[in-house]
$ cat model-v5.pdb   # PDB, C-alpha atoms and all ligand atoms
ATOM      1  CA  MET A 564       1.203   2.135  -7.152
ATOM      2  CA  THR A 565       0.649   5.835  -7.744
ATOM      3  CA  ILE A 566      -2.328   8.033  -8.464
ATOM      4  CA  GLU A 567      -2.212  11.732  -9.120
ATOM      5  CA  GLY A 568      -4.660  14.530  -9.599
ATOM      6  CA  ILE A 569      -6.122  17.641  -8.043
ATOM      7  CA  GLY A 570      -7.898  17.938  -4.717
ATOM      8  CA  LEU A 571     -11.615  18.722  -4.779
ATOM      9  CA  HIS A 572     -11.383  21.515  -2.220
ATOM     10  CA  THR A 573      -7.828  22.882  -2.393
ATOM     11  CA  GLY A 574      -7.428  22.429  -6.152
ATOM     12  CA  VAL A 575      -3.830  21.420  -5.376
ATOM     13  CA  HIS A 576      -2.247  18.666  -7.489
ATOM     14  CA  SER A 577      -0.749  15.793  -5.533
ATOM     15  CA  ILE A 578       0.662  12.321  -6.007
ATOM     16  CA  VAL A 579      -0.459   9.412  -3.827
ATOM     17  CA  ARG A 580       1.589   6.265  -3.392
ATOM     18  CA  LEU A 581       0.220   3.224  -1.602
ATOM     19  CA  ILE A 582       2.766   1.142   0.281
ATOM     20  CA  PRO A 583       1.960  -2.248   1.834
ATOM     21  CA  ALA A 584       2.332  -2.318   5.611
ATOM     22  CA  PRO A 585       2.741  -5.150   8.127
ATOM     23  CA  SER A 586      -0.151  -6.641  10.134
ATOM     24  CA  ASN A 587      -1.547  -4.397  12.882
ATOM     25  CA  SER A 588      -0.145  -1.202  11.298
ATOM     26  CA  GLY A 589      -3.578   0.095  10.386
ATOM     27  CA  ILE A 590      -3.948   2.760   7.727
ATOM     28  CA  VAL A 591      -1.410   5.554   8.079
ATOM     29  CA  PHE A 592      -1.122   8.697   5.949
ATOM     30  CA  TYR A 593       2.358  10.097   5.424
ATOM     31  CA  ARG A 594       2.708  13.715   4.256
ATOM     32  CA  GLU A 595       5.995  13.406   2.402
ATOM     33  CA  ASP A 596       6.434  17.146   1.998
ATOM     34  CA  ARG A 597       6.153  17.676   5.778
ATOM     35  CA  ASN A 598       7.583  14.348   7.005
ATOM     36  CA  VAL A 599       4.495  13.850   9.194
ATOM     37  CA  PHE A 600       2.560  10.625   9.851
ATOM     38  CA  ILE A 601      -1.181  10.817  10.498
ATOM     39  CA  ARG A 602      -3.079   7.709  11.534
ATOM     40  CA  ALA A 603      -6.445   7.034   9.949
ATOM     41  CA  ASP A 604      -8.057   7.195  13.366
ATOM     42  CA  ILE A 605     -11.257   8.885  14.473
ATOM     43  CA  ASN A 606      -9.281  10.933  16.999
ATOM     44  CA  ALA A 607      -7.218  12.436  14.179
ATOM     45  CA  VAL A 608     -10.308  13.996  12.516
ATOM     46  CA  ASN A 609      -9.983  17.773  12.716
ATOM     47  CA  ASP A 610     -12.490  19.040  10.156
ATOM     48  CA  THR A 611     -15.696  17.609   8.683
ATOM     49  CA  ALA A 612     -17.040  20.512   6.604
ATOM     50  CA  PHE A 613     -17.807  19.176   3.094
ATOM     51  CA  ALA A 614     -15.064  16.525   3.447
ATOM     52  CA  THR A 615     -13.270  14.564   6.151
ATOM     53  CA  THR A 616      -9.884  15.985   7.111
ATOM     54  CA  LEU A 617      -7.288  14.284   9.301
ATOM     55  CA  GLY A 618      -4.597  16.206  11.103
ATOM     56  CA  SER A 619      -1.606  15.941  13.369
ATOM     57  CA  GLY A 620      -0.074  19.086  14.801
ATOM     58  CA  GLY A 621      -0.544  21.687  12.090
ATOM     59  CA  THR A 622      -0.358  19.190   9.229
ATOM     60  CA  ARG A 623      -3.517  17.984   7.547
ATOM     61  CA  VAL A 624      -4.710  15.622   4.842
ATOM     62  CA  LYS A 625      -8.049  16.643   3.389
ATOM     63  CA  THR A 626     -10.775  14.588   1.692
ATOM     64  CA  VAL A 627      -9.647  11.150   2.821
ATOM     65  CA  GLU A 628     -13.124   9.565   2.756
ATOM     66  CA  HIS A 629     -13.310   8.162  -0.791
ATOM     67  CA  LEU A 630      -9.901   6.508  -0.528
ATOM     68  CA  LEU A 631     -10.753   5.195   2.957
ATOM     69  CA  ALA A 632     -14.065   3.820   1.665
ATOM     70  CA  ALA A 633     -12.176   1.961  -1.084
ATOM     71  CA  LEU A 634      -9.756   0.462   1.451
ATOM     72  CA  SER A 635     -12.586  -0.513   3.784
ATOM     73  CA  GLY A 636     -14.698  -1.917   0.950
ATOM     74  CA  LEU A 637     -11.818  -4.105  -0.218
ATOM     75  CA  GLY A 638     -10.928  -5.222   3.314
ATOM     76  CA  ILE A 639      -7.499  -3.550   3.369
ATOM     77  CA  ASP A 640      -6.437  -3.032   6.997
ATOM     78  CA  ASN A 641      -2.749  -2.181   6.747
ATOM     79  CA  LEU A 642      -1.332   0.402   4.381
ATOM     80  CA  VAL A 643       0.779   3.531   4.247
ATOM     81  CA  VAL A 644      -0.680   6.253   2.040
ATOM     82  CA  ARG A 645       2.137   8.593   0.999
ATOM     83  CA  VAL A 646       0.904  11.919  -0.287
ATOM     84  CA  ASN A 647       2.984  14.954  -1.233
ATOM     85  CA  GLY A 648       0.303  17.592  -0.683
ATOM     86  CA  PRO A 649      -2.615  18.688   1.523
ATOM     87  CA  GLU A 650      -5.432  16.723  -0.100
ATOM     88  CA  ILE A 651      -6.107  13.274  -1.591
ATOM     89  CA  PRO A 652      -6.859  13.687  -5.323
ATOM     90  CA  VAL A 653     -10.576  13.580  -6.047
ATOM     91  CA  MET A 654     -10.116  11.706  -9.362
ATOM     92  CA  ASP A 655     -13.639  11.209 -10.795
ATOM     93  CA  GLY A 656     -15.383  12.020  -7.487
ATOM     94  CA  SER A 657     -15.949   8.377  -6.549
ATOM     95  CA  SER A 658     -13.884   5.469  -5.140
ATOM     96  CA  ALA A 659     -13.662   3.692  -8.502
ATOM     97  CA  VAL A 660     -10.120   4.774  -9.449
ATOM     98  CA  PHE A 661      -8.742   3.757  -6.042
ATOM     99  CA  VAL A 662     -10.520   0.400  -6.235
ATOM    100  CA  ASP A 663      -9.209  -0.280  -9.754
ATOM    101  CA  MET A 664      -5.693   0.587  -8.717
ATOM    102  CA  MET A 665      -5.750  -1.747  -5.728
ATOM    103  CA  LEU A 666      -7.384  -4.609  -7.587
ATOM    104  CA  LYS A 667      -4.750  -4.321 -10.343
ATOM    105  CA  ALA A 668      -1.893  -4.194  -7.839
ATOM    106  CA  GLY A 669      -3.282  -7.166  -5.912
ATOM    107  CA  ILE A 670      -4.130  -7.402  -2.210
ATOM    108  CA  ALA A 671      -1.975  -9.583   0.042
ATOM    109  CA  LYS A 672      -3.751 -11.801   2.572
ATOM    110  CA  GLN A 673      -1.845 -11.374   5.798
ATOM    111  CA  ALA A 674      -1.269 -14.217   8.194
ATOM    112  CA  SER A 675      -2.647 -12.667  11.350
ATOM    113  CA  GLU A 676      -6.323 -12.822  12.198
ATOM    114  CA  ARG A 677      -8.458  -9.856  11.310
ATOM    115  CA  PRO A 678     -10.254  -8.096  14.165
ATOM    116  CA  PHE A 679     -13.836  -6.848  13.792
ATOM    117  CA  ILE A 680     -16.129  -4.870  16.065
ATOM    118  CA  ARG A 681     -19.375  -6.796  16.479
ATOM    119  CA  ILE A 682     -22.376  -4.760  17.626
ATOM    120  CA  LEU A 683     -24.077  -6.442  20.599
ATOM    121  CA  LYS A 684     -26.593  -3.763  21.663
ATOM    122  CA  PRO A 685     -28.239  -0.926  19.759
ATOM    123  CA  ILE A 686     -26.543   2.433  20.003
ATOM    124  CA  SER A 687     -27.617   5.690  18.362
ATOM    125  CA  LEU A 688     -26.844   9.359  17.889
ATOM    126  CA  LYS A 689     -29.219  12.146  16.927
ATOM    127  CA  GLU A 690     -27.902  15.512  15.885
ATOM    128  CA  GLY A 691     -30.254  18.098  14.389
ATOM    129  CA  ASN A 692     -32.000  16.409  11.458
ATOM    130  CA  ALA A 693     -29.498  13.578  11.315
ATOM    131  CA  GLU A 694     -29.795  10.184  13.005
ATOM    132  CA  ILE A 695     -27.533   7.187  13.006
ATOM    133  CA  TYR A 696     -27.840   3.764  14.610
ATOM    134  CA  ALA A 697     -25.782   0.597  14.934
ATOM    135  CA  LEU A 698     -27.784  -2.564  15.569
ATOM    136  CA  PRO A 699     -26.791  -6.222  15.998
ATOM    137  CA  PHE A 700     -26.632  -8.099  12.686
ATOM    138  CA  GLU A 701     -24.706 -11.072  11.309
ATOM    139  CA  GLY A 702     -22.526  -9.499   8.653
ATOM    140  CA  THR A 703     -22.519  -5.848   7.634
ATOM    141  CA  LEU A 704     -25.690  -4.157   6.435
ATOM    142  CA  ILE A 705     -25.877  -0.472   5.552
ATOM    143  CA  THR A 706     -29.195   1.344   5.330
ATOM    144  CA  TYR A 707     -29.241   4.972   4.303
ATOM    145  CA  GLN A 708     -32.045   7.473   4.042
ATOM    146  CA  ILE A 709     -31.903  10.891   2.391
ATOM    147  CA  GLN A 710     -34.420  13.686   2.265
ATOM    148  CA  TYR A 711     -33.809  16.647  -0.011
ATOM    149  CA  LYS A 712     -36.163  19.246  -1.397
ATOM    150  CA  HIS A 713     -35.045  18.513  -4.943
ATOM    151  CA  PRO A 714     -37.010  16.735  -7.689
ATOM    152  CA  LEU A 715     -34.165  14.330  -8.530
ATOM    153  CA  LEU A 716     -33.439  13.397  -4.916
ATOM    154  CA  GLY A 717     -36.486  13.748  -2.689
ATOM    155  CA  ALA A 718     -36.897  11.050  -0.028
ATOM    156  CA  GLN A 719     -35.040   7.813  -0.733
ATOM    157  CA  LYS A 720     -33.993   4.780   1.267
ATOM    158  CA  LYS A 721     -31.531   2.085   0.304
ATOM    159  CA  SER A 722     -30.110  -1.007   2.041
ATOM    160  CA  LEU A 723     -27.081  -2.981   0.970
ATOM    161  CA  LYS A 724     -25.456  -6.040   2.478
ATOM    162  CA  LEU A 725     -21.843  -5.084   2.289
ATOM    163  CA  ASP A 726     -19.088  -7.313   1.010
ATOM    164  CA  GLU A 727     -16.247  -6.758  -1.415
ATOM    165  CA  LYS A 728     -18.373  -7.549  -4.471
ATOM    166  CA  THR A 729     -21.349  -5.375  -3.524
ATOM    167  CA  PHE A 730     -19.060  -2.501  -2.580
ATOM    168  CA  VAL A 731     -17.155  -2.613  -5.876
ATOM    169  CA  ARG A 732     -20.257  -2.995  -8.004
ATOM    170  CA  GLU A 733     -22.896  -0.949  -6.202
ATOM    171  CA  LEU A 734     -21.102   1.847  -4.338
ATOM    172  CA  ALA A 735     -17.533   2.458  -5.537
ATOM    173  CA  PRO A 736     -18.514   4.174  -8.839
ATOM    174  CA  ALA A 737     -21.002   6.576  -7.190
ATOM    175  CA  ARG A 738     -19.721  10.156  -7.477
ATOM    176  CA  THR A 739     -19.880  13.050  -5.092
ATOM    177  CA  PHE A 740     -22.521  15.661  -5.850
ATOM    178  CA  GLY A 741     -23.233  19.292  -5.174
ATOM    179  CA  PHE A 742     -25.749  21.976  -5.953
ATOM    180  CA  LEU A 743     -24.840  24.711  -8.415
ATOM    181  CA  LYS A 744     -26.301  27.329  -6.077
ATOM    182  CA  ASP A 745     -23.864  26.242  -3.313
ATOM    183  CA  VAL A 746     -20.749  26.314  -5.472
ATOM    184  CA  GLU A 747     -20.264  30.091  -5.184
ATOM    185  CA  LEU A 748     -20.699  29.949  -1.417
ATOM    186  CA  MET A 749     -18.235  27.079  -1.123
ATOM    187  CA  ARG A 750     -15.666  28.895  -3.270
ATOM    188  CA  ALA A 751     -16.117  32.028  -1.145
ATOM    189  CA  ASN A 752     -15.188  29.843   1.832
ATOM    190  CA  GLY A 753     -12.101  28.519   0.099
ATOM    191  CA  LEU A 754     -13.709  25.157  -0.769
ATOM    192  CA  ALA A 755     -14.457  23.293  -4.004
ATOM    193  CA  LYS A 756     -11.559  25.050  -5.791
ATOM    194  CA  GLY A 757     -10.848  21.866  -7.747
ATOM    195  CA  GLY A 758     -14.499  20.927  -8.289
ATOM    196  CA  SER A 759     -15.753  20.510 -11.852
ATOM    197  CA  LEU A 760     -18.070  18.379 -13.948
ATOM    198  CA  GLU A 761     -15.096  15.999 -14.302
ATOM    199  CA  ASN A 762     -15.180  15.106 -10.609
ATOM    200  CA  ALA A 763     -18.660  15.840  -9.290
ATOM    201  CA  ILE A 764     -22.303  15.637 -10.245
ATOM    202  CA  ILE A 765     -23.600  19.194 -10.276
ATOM    203  CA  LEU A 766     -27.318  19.739  -9.813
ATOM    204  CA  THR A 767     -29.302  22.758 -10.900
ATOM    205  CA  ASP A 768     -32.705  23.320  -9.286
ATOM    206  CA  THR A 769     -34.288  20.782 -11.610
ATOM    207  CA  ALA A 770     -31.621  18.773 -13.446
ATOM    208  CA  VAL A 771     -28.153  17.251 -13.624
ATOM    209  CA  LEU A 772     -25.675  19.563 -15.341
ATOM    210  CA  ASN A 773     -23.267  16.776 -16.413
ATOM    211  CA  GLU A 774     -23.903  15.891 -20.053
ATOM    212  CA  SER A 775     -23.032  12.239 -19.481
ATOM    213  CA  GLY A 776     -25.818  11.973 -16.893
ATOM    214  CA  LEU A 777     -25.801   9.598 -13.921
ATOM    215  CA  ARG A 778     -24.032   6.255 -13.421
ATOM    216  CA  PHE A 779     -26.971   4.995 -11.345
ATOM    217  CA  GLN A 780     -30.420   6.471 -11.166
ATOM    218  CA  ASP A 781     -29.903   6.690  -7.378
ATOM    219  CA  GLU A 782     -26.215   7.644  -7.538
ATOM    220  CA  PHE A 783     -26.661  10.305  -4.816
ATOM    221  CA  ILE A 784     -27.738   7.981  -2.002
ATOM    222  CA  ARG A 785     -25.088   5.475  -3.077
ATOM    223  CA  HIS A 786     -22.451   8.161  -2.670
ATOM    224  CA  LYS A 787     -23.771   9.019   0.796
ATOM    225  CA  MET A 788     -23.356   5.319   1.699
ATOM    226  CA  LEU A 789     -19.810   5.405   0.345
ATOM    227  CA  ASP A 790     -18.994   8.481   2.461
ATOM    228  CA  LEU A 791     -20.460   6.755   5.524
ATOM    229  CA  ILE A 792     -18.274   3.689   4.947
ATOM    230  CA  GLY A 793     -15.191   5.885   4.561
ATOM    231  CA  ASP A 794     -15.920   7.830   7.744
ATOM    232  CA  LEU A 795     -16.784   4.769   9.854
ATOM    233  CA  SER A 796     -13.581   3.055   8.711
ATOM    234  CA  LEU A 797     -11.834   5.521  11.043
ATOM    235  CA  ILE A 798     -13.066   3.251  13.867
ATOM    236  CA  GLU A 799     -10.081   1.161  12.777
ATOM    237  CA  PHE A 800     -11.719  -2.247  12.964
ATOM    238  CA  PRO A 801     -14.509  -3.067  10.483
ATOM    239  CA  LEU A 802     -18.029  -3.246  11.921
ATOM    240  CA  LEU A 803     -20.268  -6.297  12.038
ATOM    241  CA  GLY A 804     -23.763  -4.925  12.448
ATOM    242  CA  HIS A 805     -26.570  -3.020  10.795
ATOM    243  CA  ILE A 806     -25.754   0.672  10.368
ATOM    244  CA  VAL A 807     -28.773   2.871   9.738
ATOM    245  CA  ALA A 808     -28.052   6.493   8.802
ATOM    246  CA  VAL A 809     -30.602   9.203   8.124
ATOM    247  CA  ARG A 810     -29.495  12.495   6.513
ATOM    248  CA  THR A 811     -26.017  12.303   7.991
ATOM    249  CA  GLY A 812     -22.926  14.144   6.823
ATOM    250  CA  HIS A 813     -19.265  13.698   7.672
ATOM    251  CA  GLY A 814     -19.693  15.508  11.004
ATOM    252  CA  THR A 815     -22.402  13.193  12.343
ATOM    253  CA  ASN A 816     -20.726  10.092  10.893
ATOM    254  CA  CYS A 817     -17.480  10.902  12.692
ATOM    255  CA  LYS A 818     -19.198  11.889  15.922
ATOM    256  CA  PHE A 819     -21.057   8.572  15.873
ATOM    257  CA  ALA A 820     -17.782   6.693  15.438
ATOM    258  CA  LYS A 821     -16.572   8.326  18.659
ATOM    259  CA  THR A 822     -19.887   7.656  20.430
ATOM    260  CA  LEU A 823     -19.637   3.990  19.503
ATOM    261  CA  LEU A 824     -16.044   3.648  20.673
ATOM    262  CA  SER A 825     -16.895   5.289  23.980
ATOM    263  CA  ALA A 826     -19.649   2.695  24.651
ATOM    264  CA  PRO A 827     -17.741  -0.619  24.845
ATOM    265  CA  GLU A 828     -20.785  -2.266  26.493
ATOM    266  CA  CYS A 829     -22.470  -2.166  23.067
ATOM    267  CA  TRP A 830     -19.840  -4.167  21.163
ATOM    268  CA  GLU A 831     -17.055  -6.701  21.342
ATOM    269  CA  VAL A 832     -13.933  -7.256  19.310
ATOM    270  CA  THR A 833     -13.921 -10.593  17.531
ATOM    271  CA  LEU A 834     -11.472 -12.257  15.190
ATOM    272  CA  GLU A 835     -12.606 -13.364  11.754
ATOM    273  CA  ALA A 836     -11.003 -16.771  12.039
ATOM    274  CA  ARG A 837     -12.836 -17.591  15.268
ATOM    275  CA  PRO A 838     -15.917 -15.383  15.414
ATOM    276  CA  GLU A 839     -17.328 -17.202  18.425
ATOM    277  CA  GLU A 840     -14.578 -15.943  20.699
ATOM    278  CA  ALA A 841     -14.447 -12.376  21.841
ATOM    279  CA  VAL A 842     -11.108 -10.769  22.470
ATOM    280  CA  HIS A 843     -10.634  -9.483  25.989
ATOM    281  CA  ALA A 844     -10.106  -5.797  26.553
ATOM    282  CA  HIS A 845      -6.406  -6.077  27.324
ATOM    283  CA  GLU A 846      -5.883  -8.100  24.140
ATOM    284  CA  ARG A 847      -7.656  -5.368  22.230
ATOM    285  CA  GLU A 848      -5.201  -2.844  23.596
ATOM    286  CA  MET A 849      -2.399  -5.080  22.393
ATOM    287  CA  LEU A 850      -3.966  -5.271  18.954
ATOM    288  CA  LYS A 851      -4.031  -1.502  18.839
ATOM    289  CA  LEU A 852      -0.389  -1.084  19.793
ATOM    290  CA  GLU A 853       1.428   1.254  17.470
ATOM    291  CA  ALA A 854       3.266  -0.542  14.735
ATOM    292  CA  ILE A 855       4.381   2.356  12.596
ATOM    293  CA  PRO A 856       7.027   2.743  10.567
ATOM    294  CA  SER A 857      10.604   1.686  10.994
ATOM    295  CA  PHE A 858      10.119   0.104   7.550
ATOM    296  CA  LEU A 859       9.195   3.495   6.122
ATOM    297  CA  THR A 860      12.205   5.368   7.311
ATOM    298  CA  SER A 861      14.583   2.846   5.751
TER     299      SER A 861
HETATM  300 ZN    ZN B 901     -18.043  11.935  -0.774
END

$ encode --input "model-v5.pdb" --output "structure tokens"
Amino acid sequence: MTIEGIGLHTGVHSIVRLIPAPSNSGIVFYREDRNVFIRADINAVNDTAFATTLGSGGTRVKTVEHLLAALSGLGIDNLVVRVNGPEIPVMDGSSAVFVDMMLKAGIAKQASERPFIRILKPISLKEGNAEIYALPFEGTLITYQIQYKHPLLGAQKKSLKLDEKTFVRELAPARTFGFLKDVELMRANGLAKGGSLENAIILTDTAVLNESGLRFQDEFIRHKMLDLIGDLSLIEFPLLGHIVAVRTGHGTNCKFAKTLLSAPECWEVTLEARPEEAVHAHEREMLKLEAIPSFLTS
């Protein structure tokens, strides 16, 4: 399975290959050109400006969030993502290409039970204008709220009960967006070098610049939900709970993931096959044991 294209921010062309991995491996990025492995783990996040970047030592993989959202949305827990450059290709600016690729390739159901983090008590983070909460809920519910001073965005709120079908249909095709007035500033800061109307919705002060228009009338908030799902997937185990996010970006999303993990009194780890039983802390440590990659080096 390969995908290739340019990165949104670096403009660098790269090829991504997805390689199945054994149970309990988690998602691991492998920079082929540097021979460096980087776990998709919240502690590996080293930049959140306009995209989520993972790093290990001096080696980084930029703009992982749309691919991670696709993996999370499809319930893929174990995978090696080989990439031969510094950034995951942006493709059309959404998760749709990644989802299509994985659905065509087929997803193996692995024998071991799948761990989840179930929210038991409310936990929140406020940072500037942004707020984010996790609340107890049976299943996974995402509520997002945006507030922009722009006629096409304004104040909007959307809730979605998340499962594979709703993710694929309602969120995966939603593209990233940016404001024309910010593009120059971003380029001056070395960002958005690969950005174009092919891979982003560009907004003027009053309208959408893309001739083909929008895929959903509320495509913007849907994309913010997709980014949130990608960022929170760095918690490693999927969440069972109601996530409420207000005006968050990658920085707040990732900070909240850390806040949540550092408050174990607010959640428990449960296994899908027997949701009534919580896993004890020492078992959780065992579940997290490193299982990388003798199979990769062969
Ligand atoms: Zn995004």

$ atom_distance --input "model-v5.pdb" --atom1 "CA of Val643 in chain A" --atom2 "CA of Phe600 in chain A"
9.2 Å

$ closest_residue --input "model-v5.pdb" --among "A:Phe661, A:Phe800, A:Tyr707, A:Trp830" --to "Ile605 in chain A" --atoms "only C-alpha atoms"
A:Phe800

$ residues_around --input "model-v5.pdb" --residues "Phe779 in chain A" --least-positions-apart "4" --cutoff "9 Å" --atoms "only C-alpha atoms" --output "JSON, numbers by chain"
{"A": [733, 736, 737, 783, 785]}

$ residues_near_point --input "model-v5.pdb" --point "(-28.7, 12.2, 12.1)" --cutoff "6 Å" --atoms "all atoms listed in the file" --output "PyMOL selection string"
chain A and resi 689-690+692-695+809-811

$ resolve_selection --input "model-v5.pdb" --expression "the PyMOL selection byres (((not hetatm)) within 7 of (chain B and resi 901))" --output "ChimeraX atom specification"
/A:614,628-629,739,786-787,789-790

$ closest_residue --input "model-v5.pdb" --among "A:Ile792, A:Leu683, A:Leu797, A:Val575" --to "Ala603 in chain A" --atoms "all atoms listed in the file"
A:Leu797

$ residues_around --input "model-v5.pdb" --residues "Leu802 in chain A" --least-positions-apart "2" --cutoff "8 Å" --atoms "only C-alpha atoms" --output "PyMOL selection string"
chain A and resi 679-682+703+800+804

$ residues_around --input "model-v5.pdb" --residues "Ile798 in chain A" --least-positions-apart "3" --cutoff "7 Å" --atoms "all atoms listed in the file" --output "number ranges by chain"
A: 604-605, 795, 820

$ residues_around --input "model-v5.pdb" --residues "range 635-639 of chain A" --least-positions-apart "2" --cutoff "9 Å" --atoms "only C-alpha atoms" --output "ChimeraX atom specification"
/A:589-590,630-633,641-642,662,665-666,670-671,725-731,735,789,792-793,796,801

$ write_last_selection --input "model-v5.pdb" --atoms "C-alpha atoms" --output "short mmCIF file (atom, residue, chain, number, x, y, z; two decimals), in the coordinates of the input"
data_model
loop_
_atom_site.label_atom_id
_atom_site.label_comp_id
_atom_site.auth_asym_id
_atom_site.auth_seq_id
_atom_site.Cartn_x
_atom_site.Cartn_y
_atom_site.Cartn_z
CA GLY A 589 -3.58 0.10 10.39
CA ILE A 590 -3.95 2.76 7.73
CA LEU A 630 -9.90 6.51 -0.53
CA LEU A 631 -10.75 5.20 2.96
CA ALA A 632 -14.06 3.82 1.66
CA ALA A 633 -12.18 1.96 -1.08
CA ASN A 641 -2.75 -2.18 6.75
CA LEU A 642 -1.33 0.40 4.38
CA VAL A 662 -10.52 0.40 -6.24
CA MET A 665 -5.75 -1.75 -5.73
CA LEU A 666 -7.38 -4.61 -7.59
CA ILE A 670 -4.13 -7.40 -2.21
CA ALA A 671 -1.98 -9.58 0.04
CA LEU A 725 -21.84 -5.08 2.29
CA ASP A 726 -19.09 -7.31 1.01
CA GLU A 727 -16.25 -6.76 -1.42
CA LYS A 728 -18.37 -7.55 -4.47
CA THR A 729 -21.35 -5.38 -3.52
CA PHE A 730 -19.06 -2.50 -2.58
CA VAL A 731 -17.16 -2.61 -5.88
CA ALA A 735 -17.53 2.46 -5.54
CA LEU A 789 -19.81 5.40 0.34
CA ILE A 792 -18.27 3.69 4.95
CA GLY A 793 -15.19 5.88 4.56
CA SER A 796 -13.58 3.06 8.71
CA PRO A 801 -14.51 -3.07 10.48
#

$ resolve_selection --input "model-v5.pdb" --expression "the PyMOL selection byres (((chain A and resi 704) around 8) and not hetatm)" --output "number ranges by chain"
A: 700, 702-703, 705-706, 722-725, 804-806

$ resolve_selection --input "model-v5.pdb" --expression "the PyMOL selection byres (((chain A and resi 767-772) around 12) and not hetatm)" --output "PyMOL selection string"
chain A and resi 711-717+740-746+759-761+763-766+773-778+780+782-783

$ axis_aligned_box --input "model-v5.pdb" --around "range 755-762 of chain A" --padding-each-side "8 Å" --output "JSON"
{"center_x": -14.5, "center_y": 20.1, "center_z": -9.2, "size_x": 23.2, "size_y": 25.9, "size_z": 26.3}

$ atom_distance --input "model-v5.pdb" --atom1 "CA of Ile578 in chain A" --atom2 "CA of Ile651 in chain A"
8.1 Å

$ atom_distance --input "model-v5.pdb" --atom1 "CA of Thr833 in chain A" --atom2 "CA of Ser588 in chain A"
17.8 Å

$ closest_residue --input "model-v5.pdb" --among "A:Gly814, A:Thr616, A:Leu634, A:Glu799" --to "Ala659 in chain A" --atoms "all atoms listed in the file"
A:Leu634
